[in-house]
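Below is upload11.pdb, which holds PDB, C-alpha atoms and all ligand atoms.
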```pdb
ATOM      1  CA  MET A   1     -23.058   7.040   3.553
ATOM      2  CA  THR A   2     -19.559   8.526   3.553
ATOM      3  CA  ILE A   3     -16.295   7.024   2.401
ATOM      4  CA  THR A   4     -15.306   6.629   6.077
ATOM      5  CA  ASP A   5     -18.280   4.299   6.687
ATOM      6  CA  ILE A   6     -17.386   2.237   3.657
ATOM      7  CA  SER A   7     -13.752   1.732   4.660
ATOM      8  CA  TYR A   8     -14.936   0.388   8.025
ATOM      9  CA  ARG A   9     -17.546  -1.877   6.464
ATOM     10  CA  LYS A  10     -14.966  -3.624   4.309
ATOM     11  CA  ARG A  11     -12.852  -4.663   7.305
ATOM     12  CA  PHE A  12     -12.623  -8.354   8.055
ATOM     13  CA  PHE A  13     -10.286 -10.728   9.849
ATOM     14  CA  ALA A  14      -8.826 -14.065   8.852
ATOM     15  CA  LYS A  15     -10.835 -17.113   9.910
ATOM     16  CA  GLY A  16      -9.602 -19.555  12.578
ATOM     17  CA  ASN A  17      -6.781 -18.949  15.064
ATOM     18  CA  VAL A  18      -5.560 -15.478  14.137
ATOM     19  CA  TYR A  19      -2.174 -16.037  15.807
ATOM     20  CA  LEU A  20      -1.366 -19.195  13.860
ATOM     21  CA  PRO A  21       1.033 -18.592  10.967
ATOM     22  CA  HIS A  22       0.549 -20.589   7.785
ATOM     23  CA  ILE A  23       3.608 -21.885   5.996
ATOM     24  CA  ALA A  24       4.359 -20.133   2.708
ATOM     25  CA  ILE A  25       7.158 -20.781   0.226
ATOM     26  CA  ILE A  26       9.122 -18.039  -1.519
ATOM     27  CA  GLU A  27       8.774 -18.435  -5.295
ATOM     28  CA  LYS A  28      10.490 -15.346  -6.682
ATOM     29  CA  ILE A  29      12.511 -12.371  -5.433
ATOM     30  CA  ILE A  30      12.707  -9.049  -7.283
ATOM     31  CA  GLU A  31      15.390  -6.430  -6.482
ATOM     32  CA  GLU A  32      13.391  -3.198  -6.478
ATOM     33  CA  THR A  33      16.063  -0.844  -5.083
ATOM     34  CA  PRO A  34      19.370  -1.302  -3.233
ATOM     35  CA  THR A  35      17.407  -1.929   0.003
ATOM     36  CA  ILE A  36      13.962  -3.122  -1.131
ATOM     37  CA  ARG A  37      13.056  -6.549  -2.446
ATOM     38  CA  THR A  38       9.648  -7.860  -3.484
ATOM     39  CA  PHE A  39       9.002 -11.437  -2.406
ATOM     40  CA  HIS A  40       6.502 -13.566  -4.312
ATOM     41  CA  PHE A  41       5.263 -16.511  -2.273
ATOM     42  CA  ASN A  42       2.434 -18.969  -1.946
ATOM     43  CA  PHE A  43       0.981 -21.248   0.707
ATOM     44  CA  LYS A  44       2.324 -24.759   1.103
ATOM     45  CA  ASP A  45      -1.193 -26.012   1.805
ATOM     46  CA  GLU A  46      -3.008 -26.486  -1.538
ATOM     47  CA  LYS A  47      -6.465 -25.912  -0.002
ATOM     48  CA  LEU A  48      -5.390 -22.612   1.530
ATOM     49  CA  LYS A  49      -3.771 -21.626  -1.749
ATOM     50  CA  LYS A  50      -7.172 -21.961  -3.444
ATOM     51  CA  GLU A  51      -9.328 -20.486  -0.674
ATOM     52  CA  PHE A  52      -7.260 -17.535   0.549
ATOM     53  CA  THR A  53      -8.664 -14.089  -0.280
ATOM     54  CA  PHE A  54      -7.668 -10.553   0.611
ATOM     55  CA  GLU A  55      -8.441  -7.025  -0.520
ATOM     56  CA  SER A  56      -6.167  -4.195  -1.623
ATOM     57  CA  GLY A  57      -4.963  -2.251   1.402
ATOM     58  CA  GLN A  58      -4.860  -5.157   3.832
ATOM     59  CA  PHE A  59      -1.696  -6.281   5.590
ATOM     60  CA  ALA A  60      -0.161  -9.464   6.995
ATOM     61  CA  GLU A  61       2.355 -10.572   9.616
ATOM     62  CA  LEU A  62       5.307 -12.402   8.060
ATOM     63  CA  SER A  63       7.522 -14.501  10.319
ATOM     64  CA  ILE A  64      11.014 -15.903  10.041
ATOM     65  CA  PHE A  65      11.153 -18.871  12.345
ATOM     66  CA  GLY A  66      13.609 -18.343  15.190
ATOM     67  CA  ILE A  67      13.919 -14.614  14.444
ATOM     68  CA  GLY A  68      10.500 -12.936  14.774
ATOM     69  CA  GLU A  69       7.633 -11.465  12.811
ATOM     70  CA  ALA A  70       6.775  -8.081  11.352
ATOM     71  CA  THR A  71       3.907  -6.415   9.546
ATOM     72  CA  PHE A  72       3.854  -5.762   5.798
ATOM     73  CA  CYS A  73       1.193  -4.596   3.403
ATOM     74  CA  ILE A  74       0.155  -7.130   0.788
ATOM     75  CA  SER A  75       1.241  -5.609  -2.525
ATOM     76  CA  SER A  76      -0.169  -8.288  -4.829
ATOM     77  CA  ILE A  77      -3.405  -7.878  -6.754
ATOM     78  CA  PRO A  78      -6.658  -9.529  -5.588
ATOM     79  CA  THR A  79      -7.932  -9.724  -9.169
ATOM     80  CA  ARG A  80      -4.821 -11.774 -10.104
ATOM     81  CA  SER A  81      -4.696 -14.126  -7.152
ATOM     82  CA  ASP A  82      -2.143 -16.699  -8.310
ATOM     83  CA  ARG A  83       0.375 -15.610  -5.638
ATOM     84  CA  LEU A  84       1.042 -13.226  -2.758
ATOM     85  CA  GLU A  85       3.603 -10.425  -2.855
ATOM     86  CA  CYS A  86       5.169  -8.193  -0.212
ATOM     87  CA  ALA A  87       7.783  -5.475  -0.815
ATOM     88  CA  ILE A  88      10.245  -5.409   2.049
ATOM     89  CA  ASN A  89      12.674  -2.664   2.976
ATOM     90  CA  ARG A  90      15.775  -3.935   4.799
ATOM     91  CA  VAL A  91      15.671  -1.886   8.017
ATOM     92  CA  GLY A  92      15.622  -4.226  11.053
ATOM     93  CA  LYS A  93      16.165  -7.726  12.396
ATOM     94  CA  VAL A  94      13.227  -9.446  10.663
ATOM     95  CA  THR A  95      13.606  -7.599   7.362
ATOM     96  CA  ASN A  96      17.354  -8.306   7.257
ATOM     97  CA  ALA A  97      16.617 -11.982   7.891
ATOM     98  CA  LEU A  98      14.006 -11.953   5.109
ATOM     99  CA  HIS A  99      16.519 -10.454   2.691
ATOM    100  CA  ARG A 100      18.908 -13.322   3.445
ATOM    101  CA  LEU A 101      16.309 -15.899   2.296
ATOM    102  CA  SER A 102      16.336 -17.484  -1.143
ATOM    103  CA  ILE A 103      13.718 -18.989  -3.455
ATOM    104  CA  GLY A 104      12.264 -22.139  -1.876
ATOM    105  CA  ALA A 105      12.650 -20.912   1.729
ATOM    106  CA  GLU A 106       9.675 -21.246   4.111
ATOM    107  CA  ILE A 107       8.198 -18.271   5.951
ATOM    108  CA  GLY A 108       5.172 -17.869   8.235
ATOM    109  CA  PHE A 109       2.162 -15.826   7.107
ATOM    110  CA  ARG A 110      -0.794 -14.739   9.195
ATOM    111  CA  GLY A 111      -3.559 -12.494   7.967
ATOM    112  CA  PRO A 112      -5.018 -10.772   6.094
ATOM    113  CA  TYR A 113      -5.652  -8.084   8.698
ATOM    114  CA  GLY A 114      -7.075  -4.598   8.677
ATOM    115  CA  ASN A 115      -9.547  -2.872   6.420
ATOM    116  CA  SER A 116      -9.151  -2.239   2.707
ATOM    117  CA  PHE A 117      -9.457   0.570   0.189
ATOM    118  CA  PRO A 118     -13.149   1.436  -0.339
ATOM    119  CA  LEU A 119     -13.532   0.062  -3.854
ATOM    120  CA  ASP A 120     -17.345   0.390  -3.820
ATOM    121  CA  PHE A 121     -17.064   4.078  -3.124
ATOM    122  CA  LEU A 122     -14.319   4.634  -5.702
ATOM    123  CA  GLN A 123     -16.414   3.293  -8.577
ATOM    124  CA  GLY A 124     -17.513   6.058 -10.967
ATOM    125  CA  LYS A 125     -14.963   8.484  -9.497
ATOM    126  CA  ASN A 126     -11.866  10.130 -10.944
ATOM    127  CA  LEU A 127      -8.896   8.736  -9.034
ATOM    128  CA  VAL A 128      -5.706  10.532  -8.080
ATOM    129  CA  PHE A 129      -2.992   8.203  -6.764
ATOM    130  CA  VAL A 130      -0.153   9.924  -4.910
ATOM    131  CA  GLY A 131       2.727   7.708  -3.844
ATOM    132  CA  GLY A 132       6.251   7.965  -2.512
ATOM    133  CA  GLY A 133       8.970   5.323  -2.263
ATOM    134  CA  ILE A 134       7.834   1.961  -0.950
ATOM    135  CA  GLY A 135       4.413   3.563  -0.338
ATOM    136  CA  LEU A 136       3.597   2.457  -3.875
ATOM    137  CA  ALA A 137       3.255  -1.126  -2.549
ATOM    138  CA  PRO A 138      -0.381  -0.875  -1.347
ATOM    139  CA  LEU A 139      -1.229   1.595  -4.107
ATOM    140  CA  ARG A 140      -0.059  -0.708  -6.931
ATOM    141  CA  SER A 141      -2.345  -3.437  -5.570
ATOM    142  CA  LEU A 142      -5.273  -1.022  -5.843
ATOM    143  CA  ILE A 143      -4.141   0.515  -9.147
ATOM    144  CA  TRP A 144      -3.959  -2.867 -10.927
ATOM    145  CA  ASN A 145      -7.256  -3.844  -9.318
ATOM    146  CA  VAL A 146      -8.782  -0.671 -10.837
ATOM    147  CA  PHE A 147      -7.122  -1.339 -14.223
ATOM    148  CA  ASP A 148      -8.637  -4.831 -14.264
ATOM    149  CA  ASN A 149     -12.070  -3.145 -14.052
ATOM    150  CA  ARG A 150     -11.113   0.027 -15.968
ATOM    151  CA  ASP A 151     -14.601   0.863 -17.289
ATOM    152  CA  LYS A 152     -15.931   1.287 -13.735
ATOM    153  CA  TYR A 153     -13.653   4.274 -13.006
ATOM    154  CA  GLY A 154     -13.168   7.754 -14.463
ATOM    155  CA  LYS A 155      -9.952   9.657 -15.143
ATOM    156  CA  ILE A 156      -6.806   8.346 -13.467
ATOM    157  CA  ASP A 157      -3.779  10.389 -12.402
ATOM    158  CA  ILE A 158      -0.780   8.665 -10.838
ATOM    159  CA  ILE A 159       1.893  10.855  -9.243
ATOM    160  CA  TYR A 160       4.784   8.849  -7.880
ATOM    161  CA  GLY A 161       8.180   9.875  -6.601
ATOM    162  CA  ALA A 162      11.264   8.673  -4.783
ATOM    163  CA  ARG A 163      14.444  10.239  -3.448
ATOM    164  CA  SER A 164      16.540   9.238  -6.470
ATOM    165  CA  PRO A 165      16.120   7.215  -9.691
ATOM    166  CA  ALA A 166      17.628   4.185  -7.919
ATOM    167  CA  ASP A 167      14.955   4.427  -5.203
ATOM    168  CA  LEU A 168      11.988   4.142  -7.596
ATOM    169  CA  CYS A 169      10.107   0.913  -6.794
ATOM    170  CA  PHE A 170       8.043  -1.284  -9.141
ATOM    171  CA  LYS A 171       9.702   0.128 -12.281
ATOM    172  CA  TYR A 172       7.941  -2.571 -14.349
ATOM    173  CA  ASP A 173       4.585  -1.126 -13.189
ATOM    174  CA  LEU A 174       5.680   2.463 -13.861
ATOM    175  CA  ASP A 175       6.647   1.470 -17.412
ATOM    176  CA  ALA A 176       3.295  -0.217 -18.004
ATOM    177  CA  TRP A 177       1.285   2.727 -16.622
ATOM    178  CA  GLU A 178       3.319   5.218 -18.660
ATOM    179  CA  LYS A 179       2.363   3.346 -21.847
ATOM    180  CA  ASP A 180      -1.342   3.303 -20.936
ATOM    181  CA  LYS A 181      -3.116   6.107 -22.816
ATOM    182  CA  THR A 182      -6.010   6.166 -20.314
ATOM    183  CA  VAL A 183      -3.735   7.274 -17.464
ATOM    184  CA  ASN A 184      -1.828  10.453 -16.660
ATOM    185  CA  MET A 185       1.352   9.030 -15.140
ATOM    186  CA  VAL A 186       3.860  11.444 -13.606
ATOM    187  CA  THR A 187       7.105  10.134 -12.145
ATOM    188  CA  THR A 188       9.443  12.392 -10.210
ATOM    189  CA  VAL A 189      12.599  12.143  -8.109
ATOM    190  CA  ASP A 190      13.757  14.512  -5.385
ATOM    191  CA  LYS A 191      17.163  14.674  -7.038
ATOM    192  CA  GLY A 192      18.125  13.152 -10.383
ATOM    193  CA  ASP A 193      21.505  11.809 -11.468
ATOM    194  CA  GLU A 194      23.399  12.334 -14.732
ATOM    195  CA  SER A 195      21.249   9.752 -16.539
ATOM    196  CA  TRP A 196      17.880  11.071 -15.291
ATOM    197  CA  THR A 197      15.985  13.075 -17.905
ATOM    198  CA  GLY A 198      12.606  13.048 -16.142
ATOM    199  CA  ARG A 199      10.963  15.392 -13.700
ATOM    200  CA  GLN A 200      12.615  16.490 -10.455
ATOM    201  CA  GLY A 201      10.799  17.766  -7.372
ATOM    202  CA  PHE A 202       9.110  16.579  -4.201
ATOM    203  CA  VAL A 203       5.830  14.714  -4.639
ATOM    204  CA  PRO A 204       3.604  17.385  -2.975
ATOM    205  CA  GLN A 205       5.102  20.129  -5.188
ATOM    206  CA  VAL A 206       4.624  18.043  -8.327
ATOM    207  CA  LEU A 207       1.052  17.275  -7.279
ATOM    208  CA  GLU A 208       0.407  21.022  -7.031
ATOM    209  CA  GLN A 209       1.875  21.553 -10.518
ATOM    210  CA  VAL A 210      -0.182  18.717 -12.027
ATOM    211  CA  ALA A 211      -3.249  20.105 -10.209
ATOM    212  CA  PRO A 212      -5.807  17.324 -10.767
ATOM    213  CA  SER A 213      -9.423  18.444 -10.444
ATOM    214  CA  ALA A 214     -11.232  17.643  -7.194
ATOM    215  CA  SER A 215     -14.553  17.339  -9.004
ATOM    216  CA  ASN A 216     -16.027  13.854  -8.458
ATOM    217  CA  ALA A 217     -12.530  12.723  -7.434
ATOM    218  CA  VAL A 218     -10.875  10.790  -4.628
ATOM    219  CA  ALA A 219      -7.152  11.064  -3.854
ATOM    220  CA  ILE A 220      -5.414   7.996  -2.472
ATOM    221  CA  VAL A 221      -2.107   8.841  -0.807
ATOM    222  CA  CYS A 222       0.625   6.549   0.473
ATOM    223  CA  GLY A 223       4.262   7.221   1.246
ATOM    224  CA  PRO A 224       6.617   8.319   3.997
ATOM    225  CA  PRO A 225       4.921  10.243   6.852
ATOM    226  CA  ILE A 226       6.508  13.549   5.815
ATOM    227  CA  MET A 227       5.180  13.177   2.267
ATOM    228  CA  ILE A 228       1.688  12.376   3.560
ATOM    229  CA  ARG A 229       1.734  15.403   5.901
ATOM    230  CA  PHE A 230       2.729  17.789   3.084
ATOM    231  CA  THR A 231       0.371  16.223   0.521
ATOM    232  CA  PHE A 232      -2.902  16.755   2.402
ATOM    233  CA  PRO A 233      -2.612  20.586   2.490
ATOM    234  CA  VAL A 234      -1.914  20.598  -1.261
ATOM    235  CA  LEU A 235      -5.001  18.488  -1.891
ATOM    236  CA  GLU A 236      -7.051  20.860   0.279
ATOM    237  CA  LYS A 237      -5.726  23.785  -1.764
ATOM    238  CA  LEU A 238      -6.840  21.949  -4.922
ATOM    239  CA  GLY A 239     -10.372  21.696  -3.507
ATOM    240  CA  PHE A 240     -10.421  18.154  -2.109
ATOM    241  CA  ASN A 241     -12.372  17.873   1.159
ATOM    242  CA  PRO A 242     -11.216  15.509   3.942
ATOM    243  CA  GLU A 243     -13.692  12.809   2.848
ATOM    244  CA  GLN A 244     -12.131  12.835  -0.624
ATOM    245  CA  MET A 245      -8.678  11.961   0.709
ATOM    246  CA  VAL A 246      -7.719   8.435   1.641
ATOM    247  CA  THR A 247      -4.439   7.170   3.002
ATOM    248  CA  THR A 248      -2.961   4.048   4.498
ATOM    249  CA  LEU A 249      -0.785   4.437   7.599
ATOM    250  CA  GLU A 250       2.109   2.396   8.897
ATOM    251  CA  LYS A 251       2.898   2.053  12.585
ATOM    252  CA  ARG A 252       5.090  -0.384  14.455
ATOM    253  CA  MET A 253       2.728  -3.300  15.135
ATOM    254  CA  LYS A 254       2.885  -6.456  17.202
ATOM    255  CA  CYS A 255      -0.412  -8.354  17.408
ATOM    256  CA  GLY A 256      -1.994  -6.862  14.260
ATOM    257  CA  ILE A 257      -5.501  -7.360  15.642
ATOM    258  CA  GLY A 258      -6.165  -4.582  18.174
ATOM    259  CA  LYS A 259      -5.031  -6.392  21.354
ATOM    260  CA  CYS A 260      -1.584  -5.067  22.326
ATOM    261  CA  GLY A 261      -2.158  -1.302  21.995
ATOM    262  CA  ARG A 262       1.132  -0.804  20.185
ATOM    263  CA  CYS A 263      -0.123   0.998  17.084
ATOM    264  CA  ASN A 264      -2.370   3.790  18.305
ATOM    265  CA  ILE A 265      -2.656   7.162  16.632
ATOM    266  CA  GLY A 266      -4.998   9.467  18.533
ATOM    267  CA  ASN A 267      -7.895   7.305  19.635
ATOM    268  CA  LEU A 268      -7.492   4.858  16.744
ATOM    269  CA  TYR A 269      -5.514   1.660  16.351
ATOM    270  CA  VAL A 270      -3.914   1.464  12.924
ATOM    271  CA  CYS A 271      -4.260  -2.335  12.827
ATOM    272  CA  ARG A 272      -7.861  -2.522  14.028
ATOM    273  CA  ASP A 273      -9.382   0.703  12.643
ATOM    274  CA  GLY A 274      -7.153   0.974   9.558
ATOM    275  CA  PRO A 275      -4.675   0.851   8.016
ATOM    276  CA  VAL A 276      -6.868   2.702   5.483
ATOM    277  CA  PHE A 277      -8.246   5.994   6.794
ATOM    278  CA  THR A 278      -9.844   9.081   5.344
ATOM    279  CA  TYR A 279      -8.179  12.385   6.144
ATOM    280  CA  ALA A 280     -11.424  13.237   7.983
ATOM    281  CA  GLN A 281     -10.614  10.511  10.515
ATOM    282  CA  ILE A 282      -7.006  11.471  11.215
ATOM    283  CA  LYS A 283      -6.575  15.171  10.478
ATOM    284  CA  ASN A 284      -6.653  16.196  14.160
ATOM    285  CA  PHE A 285      -3.582  14.186  15.086
ATOM    286  CA  ILE A 286      -1.702  13.360  11.861
ATOM    287  CA  SER A 287       0.790  16.224  12.219
ATOM    288  CA  SER A 288       1.575  15.608  15.912
ATOM    289  CA  GLU A 289       1.538  11.796  16.007
ATOM    290  CA  TYR A 290       2.582  10.555  12.585
TER     291      TYR A 290
HETATM  292  S1  LIG B 301      -0.634  -4.025  16.684
HETATM  293 FE1  LIG B 301      -1.506  -4.618  18.557
HETATM  294  S2  LIG B 301      -3.119  -3.178  18.814
HETATM  295 FE2  LIG B 301      -2.363  -2.748  16.821
END
```

Mind turning the file's structure into structure tokens?
Amino acid sequence: MTITDISYRKRFFAKGNVYLPHIAIIEKIIEETPTIRTFHFNFKDEKLKKEFTFESGQFAELSIFGIGEATFCISSIPTRSDRLECAINRVGKVTNALHRLSIGAEIGFRGPYGNSFPLDFLQGKNLVFVGGGIGLAPLRSLIWNVFDNRDKYGKIDIIYGARSPADLCFKYDLDAWEKDKTVNMVTTVDKGDESWTGRQGFVPQVLEQVAPSASNAVAIVCGPPIMIRFTFPVLEKLGFNPEQMVTTLEKRMKCGIGKCGRCNIGNLYVCRDGPVFTYAQIKNFISSEY
């Protein structure tokens, strides 16, 4: 069995009417960057609060009543299921409306949708996490999930970058991972400012400098499309084969469940067949369509 088979096997849909949003209440808002906020929220319905499950890598549709809905990855941690979290970049109508909300506001939530990271397959492997910008959102869900079962995994490298120090997301996670002696954490920015004393350079270049071994390893990559496109060739150069590279893709989505045809890449629908893919699945069309 390959990693591709496993990522498909873990896919599941929410029970009941998949179009029906559940009411959730915003409990906390964290300013990650000048344009990104992480919203912590939980269901209004106590039964749903207890029963809801998801897996790292899955996504949800969040709705603002009277405005619309949009797709976001779930960035919270399944092994710490006391709340849900989504990191939201203010770029359009729905995300601007979300940013105007305060603690206590009600939003709609439907999901979880899509497949998840292949945790079964990752066990016993050395893991190389490569993230850029808000792409750390799905990765941090998986990374904390792995940390909560640390003895099941081998060596861990985390290479994360953003355009500038102000654009680094989840700084509280970066601090915690930097202190962890079992992890090789490398943070970089494309361009530093006068206060930045850390590494500078694009994520793919830094990955090449760090040069993690491909032996018994899986690389999990998430970030802007351009970062993903330049990261795969570096991983290939380091000896990773396409089945050892996993990513999660973002496409403009509407239904989230494979009905509207809005999110295709090649012959795949990101919502129905992903959002988690191996490079083996997407390498023929990633450079032309993503
Ligand atoms: S969002 Fe409708 S098919 Fe993917």

First collect every listed atom of ligand LIG 301 (chain B); then fit an axis-aligned box around them, widen it by 8 Å on each side, and give centre and edge lengths in Å to one decimal, as AutoDock Vina command-line options.
```
--center_x -1.9 --center_y -3.7 --center_z 17.7 --size_x 18.5 --size_y 17.9 --size_z 18.1
```

Query raised in the report: Within 6 Å of ligand LIG 301 (chain B), counting only C-alpha atoms and all ligand atoms, which protein or nucleic acid residues do you find, written as a PyMOL selection string?
Result: chain A and resi 253-263+269-271

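Straight-line separation from CA of Val130 (chain A) to CA of Ile159 (chain A): 4.9 Å.
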
Once you count all atoms listed in the file, what closest atom pair and distance in Å to one decimal does each residue of region 18-123 of chain A within 8 Å of region 167-175 of chain A have, with rows by chain and rising residue number, as a tab-separated table?
```
residue	atom	partner	partner_atom	distance
A:Glu32	CA	A:Cys169	CA	5.3
A:Thr33	CA	A:Asp167	CA	5.4
A:Pro34	CA	A:Asp167	CA	7.5
A:Ile36	CA	A:Cys169	CA	8.0
```

Store the residues picked out above, limited to C-alpha atoms, as an mmCIF file, in the frame of the given file.
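Resulting contents of selection_39.cif:
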```
data_model
loop_
_atom_site.group_PDB
_atom_site.id
_atom_site.type_symbol
_atom_site.label_atom_id
_atom_site.label_comp_id
_atom_site.auth_asym_id
_atom_site.auth_seq_id
_atom_site.Cartn_x
_atom_site.Cartn_y
_atom_site.Cartn_z
ATOM 1 C CA GLU A 32 13.391 -3.198 -6.478
ATOM 2 C CA THR A 33 16.063 -0.844 -5.083
ATOM 3 C CA PRO A 34 19.370 -1.302 -3.233
ATOM 4 C CA ILE A 36 13.962 -3.122 -1.131
#
```

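Neighbours of Phe240 (chain A) closer than or equal to 9 Å, with all atoms listed in the file counted and sequence neighbours fewer than 6 positions away skipped, come out as Ser213, Ala214, Ser215, Ala217, Val218, Ala219, Phe232 and Val234 of chain A.
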
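For the pair CA of Thr182 (chain A) and CA of Val146 (chain A), the separation is 12.0 Å.
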
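Going from CA of Thr35 (chain A) over to CA of Ile74 (chain A), you cover 18.0 Å.
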
Report task. Tell me, as a ChimeraX atom specification, which residues lie within 8 Å of region 85-89 of chain A, counting all atoms listed in the file; anything in the same chain fewer than 3 positions away does not count. Result -> /A:35-41,72-76,95,134,137
